[in-house]
Each structure stands twice: as C-alpha cells, then as structure tokens.
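Asker: Encoded as structure tokens, here's the structure I'll be asking about.
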Amino acid sequence: MDHEHYSDAYLREVLDGVKTIAMVGASPNWNRPSYFAMKYLQGKGYRVIPVNPAVAGQEILGERVYASLRDIPEKVDMVDIFRNSAAAGPIVDEAIAIGARVVWMQLGVRNDEAAARAEAAGLKVVMNRCPKIEWSRLHGELSWSGVNSGIISSKRAAGAGGWPGVSGGGFSSKRLKKG
Amino acid sequence: MAEQKAPGFETRAIHAGAAPDPTTGARVTPIYQTTSYVFDDVDHAASLFNLQTYGYIYSRLTNPTVSVLEERVANLEGGRGAVACASGHAAQMLAFFAFMEPGDEFLASTKLYGGSITQFGRSFKKFGWNVIFVDPDDPQNFKRALTPKCKAIFVESLANPGGVVTDLEAIAAIAKEAGIPLIVDNTMASPYLCRPIEWGATLVIHSTTKFLSGHGNSMGGIVVDSGKFDWSSSPKFRGLTDPEPAYHGLKFHETFGDLAFTVAGHALGLRDLGAAMAPLNAFLTITGIETLPLRMERHVANSEKVARFLEQHPAVGWVSYAGLESSPYRKLAKKYLPKGAGSVFTFGLKGGYEAGVKLVENVEIFSHLANIGDTRSLIIHPASTTHRQLSDEQKLAAGAGPDVVRVSIGLETADDLIADLDQALKKAA
Ligand SMILES: Cc1ncc(COP(=O)(O)O)c(C=O)c1O
C-alpha cells in the first residue's frame with residue numbers, strides 16, 4: 001500500500017463503505033478543525049461518535065462523548081484520529097481490538113508502524129488526509145473553492161435536481177419561492 | 001489497486017473543472033452573473049463564513065464560473081488549487097500577500113515584464129516589501145543575493161519581452177535549500193509549453209489576459225499552488241500558519257494542509273484586496289483554454305517562420321528567439337520548452353530607436369498595441385511604451401533597449417505576417 005498517494009477509487013471505497021465513524025480527539029470547541037469536520041460529516045449522513053477523555057460524558061453536536069474507543073457500545077466502522085502521530089499508535093491498536101474496518105489519520109498525522117499493524121489485521125488505512133476534504137473533493141464541492149479535484153466527467157453530478165417542465169421551457173412556475 | 005490512466009493535456013484543457021451544470025444539465029459552463037448566493041439557514045451561513053463548510057457566499061470570494069477556470073488551470077499546471085483574480089498584476093499581489101510582512105524581502109529576476117519590475121520596485125515598497133533584483137542568467141546569483149529576510153524568489157519561465165529562458169530547476173534547488181517558495185510567472189509559455197511545478201516551482205502565476213484567454217478580449221490573472229511547500233517549516237510564513245483572528249483563530253496550514261494557500265488566497269487575499277475576476281471574463285478564458293494546445297502549436301510554428309525571416313533580413317541586427325539555433329538560450333529552451341519557445345520575442349533594428357518607431361507605425365496586419373498572446377499578431381517598441389517607466393539601465397537589463405522591437409506572433413497566415421514586416425521594414429530603413 002502506497003501511503004503517499006491514494007487513488008480516488010480507494011478513497012471512494014473507504015468513504016462509501018462506512019457509516020459510523022468514531023472521532024478520537026474530537027473537540028467541543030466550535031472553532032477547532034475536528035469540530036467542523038464532525039459537523040460536516042454529520043451533514044453528509046455519517047454517524048460520528050466523539051472520543052475524548054477530557055470531556056467524556058458530555059455531548060458534542062448532539063452525540064455523547066466517550067473516554068475511549070472500547071467504551072463505545074455500538075459497532076464502529078471507521079476510526080478517525082485527530083491526535084499526533086505518536087499518540088496514533090495505541091489508538092490504532094484499540095481500533096483493531098474493537099473490530100473497526102478502517103483507520104483514518106488526519107492531515108499531519110502519520111504512523112507507518114501502526115498502519116502496518118492495522119493492515120496486517122485486515123483494516124484499510126488512510127494517513128495524512130482529512131475525510132472532510134476528500135469527501136468534498138470526490139463529490140465536486142471542493143471545486144467550489146478552486147481546488148484541482150482531478151476529476152474529468154461529462155456526466156451531470158449524481159443526485160442533482162432539475163424538475164423538467166416545471167420552470168424550464170418558458171412556463172411560469174406560478175409560485176415565487178423564497179430561498 | 002489500478003490507478004486510472006491520467007487523461008492527456010488536450011482532454012484536460014477541455015474538461016477539467018467543467019462537468020455539466022448540475023441543475024440544468026447545461027453542457028457549457030454557465031456565466032453565473034450573480035454577486036451573492038442564498039443560505040439554507042442561519043447555521044449554514046455561519047458555517048460558510050467560518051470556512052467550516054464549502055459553498056458560495058459572495059462573488060468577491062468565489063463564483064462558480066470563476067471556480068471552473070481555477071480548477072482548469074490548476075489541473076493543467078499540475079497544481080493542487082488556484083486563485084483567479086482580475087489581472088496578472090493582481091495575481092502577483094495575491095501571491096506575495098499570503099506571506100509578506102513589512103520589512104520582508106524577496107529576490108526577483110531582472111528579466112521580467114516591465115510592469116512587474118515597476119510593481120515590485122515601486123508599489124510593493126509602499127507595503128514595506130523590498131525586492132532585490134538579480135540577473136537570472138547565472139542561477140548562482142540568486143544564492144549570492146539571499147538574505148535572512150528573503151521570503152521568495154520570483155522569475156518568469158520564458159521572460160517578457162523575449163527570448164530569455166530561465167533555468168527553473170537550478171533556481172528551484174536554491175529556493176528549496178533556502179526554505180522559501182519559488183514563484184514562476186508562466187504567462188509567456190502557457191502550461192502547454194512549460195509546467196514550472198514539474199521543475200520545483202511552489203506557485204505559478206499567469207496573466208490569463210494573454211495566451212490562456214488567447215483572444216485579447218479578457219483581463220485576468222491566476223495563482224496556482226503546487227501544494228508542495230511546507231508553510232510550517234519555518235516561522236517565515238505566519239500568514240498561513242498563525243491563528244487568524246478574523247476566522248476564529250483558524251490556522252490555514254493546520255486546517256487545510258496542502259490546500260492552505262488556495263483557501264487563504266480566497267478567504268484572506270480576495271476578501272481584502274478585492275481584485276475578483278468577473279464571471280464573464282472567466283467564461284471567455286475557459287473557452288479560450290479549450291483551444292490552447294492547438295493555438296500554441298500554431299503560435300510556435302508561425303513564430304519560427306517569422307524569426308527565421310527576420311534573422312536574415314538586412315535591416316535587422318539580431319533576433320532574440322529561443323527557438324532559433326543562434327539563441328544562447330537554445331539549450332534551456334530544449335529542456336524547459338520542448339514543444340517550442342513561445343511566440344513573443346524581440347529583435348534589434350540596425351536603425352535604432354527611430355527605425356523602431358517607424359516600423360511599428362507602418363505595419364498593416366500587425367497591431368501596434370501593448371499586449372501579447374492574442375490570435376492577432378502584435379508589435380510594440382518597448383523602450384517607448386511598456387518599458388518606458390524604467391531607467392535606461394533597467395531597460396537594457398530587461399532586454400528593452402532603444403533598438404528593440406517586440407512581436408507577439410498570432411495565428412494569421414505566416415507568409416502574410418512576413419510580407420507585412422518586410423514592407424514596413426523597408427519604410428523604416
Ligand atoms: C509576463 C507577464 N506577467 C504579468 C503581466 C501582467 O498581467 P496583466 O496585464 O494581466 O495585469 C504581463 C502583462 O503584460 C506579462 O506579460
């Protein structure tokens with residue numbers, strides 16, 4: 001596994017294949033990157049469970065905070081690590097122990113030994129990336145800010161609307177809708 | 001895991017950044033002629049203003065048509081992202097604005113577009129940004145000129161007014177050793193002929209006014225970020241690493257990683273400098289780029305013919321075109337511009353200043369004007385126009401002495417261009 005470059009197909013497989021994400025190092029401060037990554041991922045339909053011993057028992061963005069991965073009573077698909085590279089090691093071992101399928105280390109976080117242990121245990125690993133940035137890049141949202149998504153397509157974006165015949169073709173849609 | 005085969009340059013020149021419009025299915029990128037965008041609710045608005053989610057707020061910061069152009073040029077240059085703006089000069093301003101503070105210095109080549117020499121040497125001084133000009137022909141000159149306050153090196157890949165090719169790889173190595181970004185103005189070459197990021201550039205600048213839009217109809221500029229510079233490697237780049245009070249203490253490099261420059265370029269640079277690109281200009285530039293490969297091929301083919309004609313003309317003392325075997329930059333051109341040395345170059349008239357003035361006044365197909373990179377062929381006498389504001393010494397250093405004429409060879413029939421110059425040269429003799 002080349003951890004310098006991940007193919008779009010690999011990242012899509014990871015992001016499409018998980019539903020519940022445990023975010024280790026999630027911050028209750030609204031102005032920290034982990035807080036808004038959590039908020040963004042919730043907005044895209046993921047369940048995000050915060051892990052942070054300093055605020056265990058409290059809530060972040062409507063979700064109860066746990067002290068460690070082992071305390072989470074539900075099945076976790078992916079562990080997203082917002083801690084430094086050294087701290088990531090034991091967290092990866094816990095992720096393996098609780099049966100997670102993916103370990104994701106945030107921008108600036110990389111621990112090759114831990115990644116090798118996770119891969120040996122059959123987990124997928126992504127390091128030094130942000131799931132919020134990758135999700136938005138793969139779904140065309142990042143292009144909104146001038147980023148090179150690397151995506152070439154002649155297809156209209158999936159899920160995009162358009163109500164044929166309603167206000168196209170010169171017909172009045174009768175009602176003016178606000179917002 | 002099989003990597004998708006990367007699409008070729010021509011495919012990307014047409015498709016990168018521009019999928020069909022998600023709402024209407026419109027195949028050509030629409031001109032989003034709007035200043036602002038509705039919010040879903042107050043929470044959505046707050047997330048957008050805090051840079052916590054992606055989306056459009058106000059066209060001074062981002063606009064969907066402009067975003068397509070940004071992604072397209074970033075893609076063609078092999079960069080991570082880009083910030084488009086009102087002109088090439090605005091792009092230069094934006095690039096430096098990201099990390100320069102009063103009292104800082106940077107090194108710049110003496111062989112630059114005259115307007116850039118003036119912008120750096122005079123207007124940047126008002127911000128306390130101090131330029132040290134360096135002759136680029138010996139890359140070691142940059143090393144010798146470095147000071148602890150230097151925060152960047154700026155060069156043009158193929159330099160305006162013409163014929164000079166910069167040794168990007170050697171200068172990138174010096175910048176890397178010094179731990180500072182190399183900024184390359186790639187306007188004259190376009191990404192079809194040269195891709196500075198492949199040689200180690202951190203930021204690439206374009207006046208999109210020129211070959212990218214290509215038809216002399218839209219002003220514009222862009223900064224492409226390679227995403228490869230580690231802004232946290234030294235305390236020099238605080239603008240990208242320190243908490244930003246206007247965004248609740250957000251640190252751009254920590255939060256956005258290799259997108260830091262691109263995000264800050266919009267969220268700080270365009271927000272506060274205000275030099276946004278108009279959506280119509282972005283549309284015209286996107287359309288222009290679709291034919292960039294074809295146009296550059298013909299620009300180069302015509303230029304080679306015209307340069308060879310001029311080289312053997314009795315009224316012409318010398319021709320400085322890196323596509324000619326006689327050019328001292330031939331070797332560098334083969335390395336950095338293997339598909340051709342562009343279409344802007346200079347030549348010297350034996351009749352000096354007077355002959356130059358007469359030549360530009362007597363052409364009939366060439367247009368006498370101050371631009372380059374048009375479908376039309378253009379001609380100018382730099383000493384009396386673009387480089388007029390420079391001292392005599394600066395003019396000579398920039399390759400714009402009194403006998404110098406600059407041409408930008410267009411896409412007309414090459415024989416017509418040659419005949420036009422021939423008749424005007426006779427009148428100038
Ligand atoms: C090499 C180069 N850089 C920058 C510029 C400035 O661009 P603009 O005129 O779009 O501000 C020019 C314009 O002539 C140029 O030729």
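Residue numbering restarts at 1 for every chain of the structure tokens, chains are lettered A, B, ... in their displayed order, and ligands are numbered from 1 as they appear.
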Can you list every residue in segment 112-185 of chain B that DSSP puts in strand (DSSP E), as number ranges by chain?

Answerer: B: 130-134, 150-156, 158-159, 164-165, 182-185

Asker: How would the residues just picked look written out with N, CA, C and O atoms as a PDB file, in the first residue's frame?

Answerer:
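Below is the file selection-v1.pdb, written as the result:
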ATOM      1  N   ASN B 130      10.347  44.540   0.072  1.00  0.00           N
ATOM      2  CA  ASN B 130      11.519  45.029  -0.650  1.00  0.00           C
ATOM      3  C   ASN B 130      12.064  43.982  -1.604  1.00  0.00           C
ATOM      4  O   ASN B 130      12.388  42.876  -1.208  1.00  0.00           O
ATOM      5  N   VAL B 131      12.195  44.383  -2.858  1.00  0.00           N
ATOM      6  CA  VAL B 131      12.681  43.465  -3.879  1.00  0.00           C
ATOM      7  C   VAL B 131      14.181  43.666  -4.083  1.00  0.00           C
ATOM      8  O   VAL B 131      14.678  44.784  -4.001  1.00  0.00           O
ATOM      9  N   ILE B 132      14.884  42.563  -4.311  1.00  0.00           N
ATOM     10  CA  ILE B 132      16.282  42.633  -4.733  1.00  0.00           C
ATOM     11  C   ILE B 132      16.334  42.005  -6.116  1.00  0.00           C
ATOM     12  O   ILE B 132      15.984  40.833  -6.280  1.00  0.00           O
ATOM     13  N   PHE B 133      16.695  42.785  -7.130  1.00  0.00           N
ATOM     14  CA  PHE B 133      16.715  42.255  -8.493  1.00  0.00           C
ATOM     15  C   PHE B 133      18.026  41.531  -8.769  1.00  0.00           C
ATOM     16  O   PHE B 133      19.104  41.983  -8.362  1.00  0.00           O
ATOM     17  N   VAL B 134      17.920  40.407  -9.465  1.00  0.00           N
ATOM     18  CA  VAL B 134      19.057  39.523  -9.685  1.00  0.00           C
ATOM     19  C   VAL B 134      19.090  39.108 -11.158  1.00  0.00           C
ATOM     20  O   VAL B 134      18.054  38.733 -11.721  1.00  0.00           O
ATOM     21  N   CYS B 150      14.728  37.202   3.186  1.00  0.00           N
ATOM     22  CA  CYS B 150      14.135  36.821   1.897  1.00  0.00           C
ATOM     23  C   CYS B 150      13.068  35.765   2.096  1.00  0.00           C
ATOM     24  O   CYS B 150      13.307  34.747   2.736  1.00  0.00           O
ATOM     25  N   LYS B 151      11.910  35.996   1.494  1.00  0.00           N
ATOM     26  CA  LYS B 151      10.807  35.048   1.660  1.00  0.00           C
ATOM     27  C   LYS B 151      10.399  34.359   0.372  1.00  0.00           C
ATOM     28  O   LYS B 151       9.507  33.502   0.398  1.00  0.00           O
ATOM     29  N   ALA B 152      10.967  34.755  -0.753  1.00  0.00           N
ATOM     30  CA  ALA B 152      10.568  34.107  -2.005  1.00  0.00           C
ATOM     31  C   ALA B 152      11.546  34.501  -3.107  1.00  0.00           C
ATOM     32  O   ALA B 152      12.289  35.480  -2.988  1.00  0.00           O
ATOM     33  N   ILE B 153      11.532  33.689  -4.178  1.00  0.00           N
ATOM     34  CA  ILE B 153      12.254  34.033  -5.412  1.00  0.00           C
ATOM     35  C   ILE B 153      11.214  34.085  -6.523  1.00  0.00           C
ATOM     36  O   ILE B 153      10.367  33.187  -6.623  1.00  0.00           O
ATOM     37  N   PHE B 154      11.276  35.123  -7.354  1.00  0.00           N
ATOM     38  CA  PHE B 154      10.295  35.308  -8.436  1.00  0.00           C
ATOM     39  C   PHE B 154      11.017  35.383  -9.778  1.00  0.00           C
ATOM     40  O   PHE B 154      11.945  36.188  -9.941  1.00  0.00           O
ATOM     41  N   VAL B 155      10.582  34.554 -10.731  1.00  0.00           N
ATOM     42  CA  VAL B 155      11.150  34.597 -12.085  1.00  0.00           C
ATOM     43  C   VAL B 155      10.025  34.397 -13.111  1.00  0.00           C
ATOM     44  O   VAL B 155       8.931  33.968 -12.764  1.00  0.00           O
ATOM     45  N   GLU B 156      10.339  34.697 -14.372  1.00  0.00           N
ATOM     46  CA  GLU B 156       9.444  34.318 -15.464  1.00  0.00           C
ATOM     47  C   GLU B 156      10.085  33.127 -16.180  1.00  0.00           C
ATOM     48  O   GLU B 156      11.278  33.155 -16.461  1.00  0.00           O
ATOM     49  N   LEU B 158       9.628  31.900 -19.305  1.00  0.00           N
ATOM     50  CA  LEU B 158      10.073  32.485 -20.573  1.00  0.00           C
ATOM     51  C   LEU B 158       9.817  33.963 -20.359  1.00  0.00           C
ATOM     52  O   LEU B 158       8.699  34.350 -20.069  1.00  0.00           O
ATOM     53  N   ALA B 159      10.876  34.781 -20.455  1.00  0.00           N
ATOM     54  CA  ALA B 159      10.731  36.153 -19.963  1.00  0.00           C
ATOM     55  C   ALA B 159      10.278  37.111 -21.056  1.00  0.00           C
ATOM     56  O   ALA B 159      10.719  37.033 -22.199  1.00  0.00           O
ATOM     57  N   VAL B 164      14.352  35.027 -23.539  1.00  0.00           N
ATOM     58  CA  VAL B 164      15.134  34.576 -22.394  1.00  0.00           C
ATOM     59  C   VAL B 164      14.426  33.400 -21.720  1.00  0.00           C
ATOM     60  O   VAL B 164      13.242  33.488 -21.397  1.00  0.00           O
ATOM     61  N   VAL B 165      15.152  32.306 -21.519  1.00  0.00           N
ATOM     62  CA  VAL B 165      14.598  31.154 -20.815  1.00  0.00           C
ATOM     63  C   VAL B 165      15.322  31.040 -19.477  1.00  0.00           C
ATOM     64  O   VAL B 165      16.536  31.174 -19.406  1.00  0.00           O
ATOM     65  N   LEU B 182       9.560  29.202  -4.638  1.00  0.00           N
ATOM     66  CA  LEU B 182       9.891  29.771  -5.947  1.00  0.00           C
ATOM     67  C   LEU B 182       8.567  30.089  -6.644  1.00  0.00           C
ATOM     68  O   LEU B 182       7.709  29.218  -6.790  1.00  0.00           O
ATOM     69  N   ILE B 183       8.422  31.341  -7.059  1.00  0.00           N
ATOM     70  CA  ILE B 183       7.210  31.783  -7.753  1.00  0.00           C
ATOM     71  C   ILE B 183       7.579  31.998  -9.215  1.00  0.00           C
ATOM     72  O   ILE B 183       8.525  32.727  -9.518  1.00  0.00           O
ATOM     73  N   VAL B 184       6.861  31.347 -10.124  1.00  0.00           N
ATOM     74  CA  VAL B 184       7.199  31.442 -11.542  1.00  0.00           C
ATOM     75  C   VAL B 184       6.024  32.020 -12.318  1.00  0.00           C
ATOM     76  O   VAL B 184       4.914  31.481 -12.274  1.00  0.00           O
ATOM     77  N   ASP B 185       6.276  33.117 -13.023  1.00  0.00           N
ATOM     78  CA  ASP B 185       5.285  33.671 -13.938  1.00  0.00           C
ATOM     79  C   ASP B 185       5.410  32.886 -15.246  1.00  0.00           C
ATOM     80  O   ASP B 185       6.428  32.974 -15.933  1.00  0.00           O
TER      81      ASP B 185
END

Asker: Quick one: residues within 10 Å of ligand 1, with only C-alpha atoms and all ligand atoms, as a ChimeraX atom specification?

Answerer: /B:85-92,111-117,119,155-162,184-189,205-211,218-222,344,370-373,386

Asker: Enumerate, in order of chain and increasing residue number, the residues of chain B with an atom no farther than 8 Å from chain A, each with its shortest atom pair and distance in Å to one decimal, counting only C-alpha atoms, as CSV.

Answerer:
residue,atom,partner,partner_atom,distance
B:Met1,CA,A:Tyr10,CA,7.8
B:Glu3,CA,A:Ser7,CA,6.1
B:Gln4,CA,A:Ser7,CA,8.0
B:Arg12,CA,A:Ile152,CA,7.3
B:His15,CA,A:Ile152,CA,6.0
B:Ala16,CA,A:Ile152,CA,5.6
B:Gly17,CA,A:Ser143,CA,7.1
B:Ala18,CA,A:Ile152,CA,7.9
B:Ala19,CA,A:Ser154,CA,5.5
B:Pro20,CA,A:Arg156,CA,5.0
B:Asp21,CA,A:Arg156,CA,6.5
B:Pro22,CA,A:Ala160,CA,5.3
B:Thr23,CA,A:Gly162,CA,5.2
B:Thr24,CA,A:Gly162,CA,6.0
B:Gly25,CA,A:Arg156,CA,6.2
B:Val38,CA,A:Gly179,CA,6.2
B:Phe39,CA,A:Gly179,CA,7.4
B:Asp40,CA,A:Gly179,CA,7.0
B:Gln52,CA,A:Phe36,CA,5.5
B:Thr53,CA,A:Tyr40,CA,6.5
B:Tyr54,CA,A:Glu141,CA,6.4
B:Gly55,CA,A:Trp144,CA,6.3
B:Tyr56,CA,A:Trp144,CA,7.2
B:Thr62,CA,A:Ser145,CA,6.6
B:Asn63,CA,A:Trp144,CA,7.7
B:Pro64,CA,A:Trp144,CA,6.4
B:Ser67,CA,A:Gly146,CA,4.9
B:Val68,CA,A:Gly146,CA,7.2
B:Leu69,CA,A:Gly146,CA,7.9
B:Glu70,CA,A:Gly146,CA,4.8
B:Glu71,CA,A:Asn148,CA,4.8
B:Arg72,CA,A:Asn148,CA,7.4
B:Ala74,CA,A:Asn148,CA,5.7
B:Asn75,CA,A:Asn148,CA,5.6
B:Gly79,CA,A:Asn148,CA,7.0
B:Arg80,CA,A:Asn148,CA,5.4
B:Gly81,CA,A:Val147,CA,3.9
B:Ala82,CA,A:Gly146,CA,5.3
B:Val83,CA,A:Gly146,CA,6.3
B:His248,CA,A:Asn31,CA,6.1
B:Gly249,CA,A:Asn31,CA,7.3
B:Leu250,CA,A:Asn31,CA,7.1
B:Glu254,CA,A:Leu107,CA,7.6
B:Thr255,CA,A:Pro33,CA,5.9
B:Phe256,CA,A:Leu107,CA,8.0
B:Gly257,CA,A:Leu107,CA,6.3
B:Leu259,CA,A:Val147,CA,7.6
B:Thr262,CA,A:Gly146,CA,7.0
B:Val263,CA,A:Ser145,CA,6.9
B:His266,CA,A:Ser145,CA,7.7

Asker: Which polymer residues have any atom within 9 Å of an atom of Ala115 of chain A, counting only C-alpha atoms, with same-chain residues fewer than 2 positions away left out, as number ranges by chain?

Answerer: A: 89, 92, 103, 110-113, 117-120, 123-127

Asker: Rounded to one decimal place, report the atom CA of Val55 of chain A-atom CA of Ala95 of chain A distance in Å.

Answerer: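 Separation of atom CA of Val55 of chain A and atom CA of Ala95 of chain A: 20.0 Å.
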
Asker: What's around Val76 of chain A at 8 Å? Count only C-alpha atoms, leave out sequence neighbours fewer than 6 positions away in its own chain, and write the answer as a PyMOL selection string.

Answerer: chain A and resi 20-22+98-100

Asker: Fewer than 6 positions away in the same chain doesn't count, so skip those; otherwise give me all residues within 10 Å of Thr147 of chain B, counting only C-alpha atoms, as a count of residues only.

Answerer: 6

Asker: Neighbours of segment 286-289 of chain B within 6 Å (only C-alpha atoms; same-chain residues fewer than 6 positions away dropped), as a ChimeraX atom specification?

Answerer: /B:13,69,212-214

Asker: Can you spit out the residues from that selection as a PDB file, in the first residue's frame, using N, CA, C and O atoms?

Answerer:
ATOM      1  N   ALA B  13      -7.642  20.215 -21.005  1.00  0.00           N
ATOM      2  CA  ALA B  13      -7.855  21.620 -21.389  1.00  0.00           C
ATOM      3  C   ALA B  13      -9.331  21.872 -21.683  1.00  0.00           C
ATOM      4  O   ALA B  13      -9.832  22.983 -21.539  1.00  0.00           O
ATOM      5  N   LEU B  69     -12.666  27.934 -13.961  1.00  0.00           N
ATOM      6  CA  LEU B  69     -11.379  28.380 -14.507  1.00  0.00           C
ATOM      7  C   LEU B  69     -10.235  28.016 -13.559  1.00  0.00           C
ATOM      8  O   LEU B  69      -9.181  27.530 -13.984  1.00  0.00           O
ATOM      9  N   LEU B 212      -3.803  32.198 -22.270  1.00  0.00           N
ATOM     10  CA  LEU B 212      -4.872  31.339 -21.756  1.00  0.00           C
ATOM     11  C   LEU B 212      -6.224  31.785 -22.301  1.00  0.00           C
ATOM     12  O   LEU B 212      -6.962  30.998 -22.874  1.00  0.00           O
ATOM     13  N   SER B 213      -6.552  33.071 -22.150  1.00  0.00           N
ATOM     14  CA  SER B 213      -7.795  33.530 -22.786  1.00  0.00           C
ATOM     15  C   SER B 213      -7.563  33.578 -24.293  1.00  0.00           C
ATOM     16  O   SER B 213      -8.422  33.166 -25.068  1.00  0.00           O
ATOM     17  N   GLY B 214      -6.421  34.110 -24.687  1.00  0.00           N
ATOM     18  CA  GLY B 214      -5.918  33.877 -26.030  1.00  0.00           C
ATOM     19  C   GLY B 214      -6.464  34.737 -27.154  1.00  0.00           C
ATOM     20  O   GLY B 214      -5.963  34.667 -28.273  1.00  0.00           O
TER      21      GLY B 214
END

Asker: Could you tell me how far atom CA of Thr166 of chain B lies from atom CA of Ala322 of chain B, in Å and to one decimal?

Answerer: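 Distance between the two atoms: 11.0 Å.
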
Asker: Under the rule that only C-alpha atoms are counted, which of A:Lys75, A:Arg64, A:His3, A:Arg70 is the nearest residue to Val18 of chain A?

Answerer: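 Comparing A:Lys75, A:Arg64, A:His3, A:Arg70 against Val18 of chain A, the winner is A:Lys75.
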
Asker: Let me make sure I understand: among B:Val73, B:Val28, B:Val224, B:Ala260, which one has the smallest atom-to-atom distance to Leu292 of chain B if we use only C-alpha atoms?

Answerer: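 So, comparing all the options, the nearest one is B:Val73.
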
Asker: What is the distance, in Å and to one decimal place, between atom CA of Val79 of chain A and atom CA of Ala46 of chain B?

Answerer: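 Between atom CA of Val79 of chain A and atom CA of Ala46 of chain B the gap works out to 27.7 Å.
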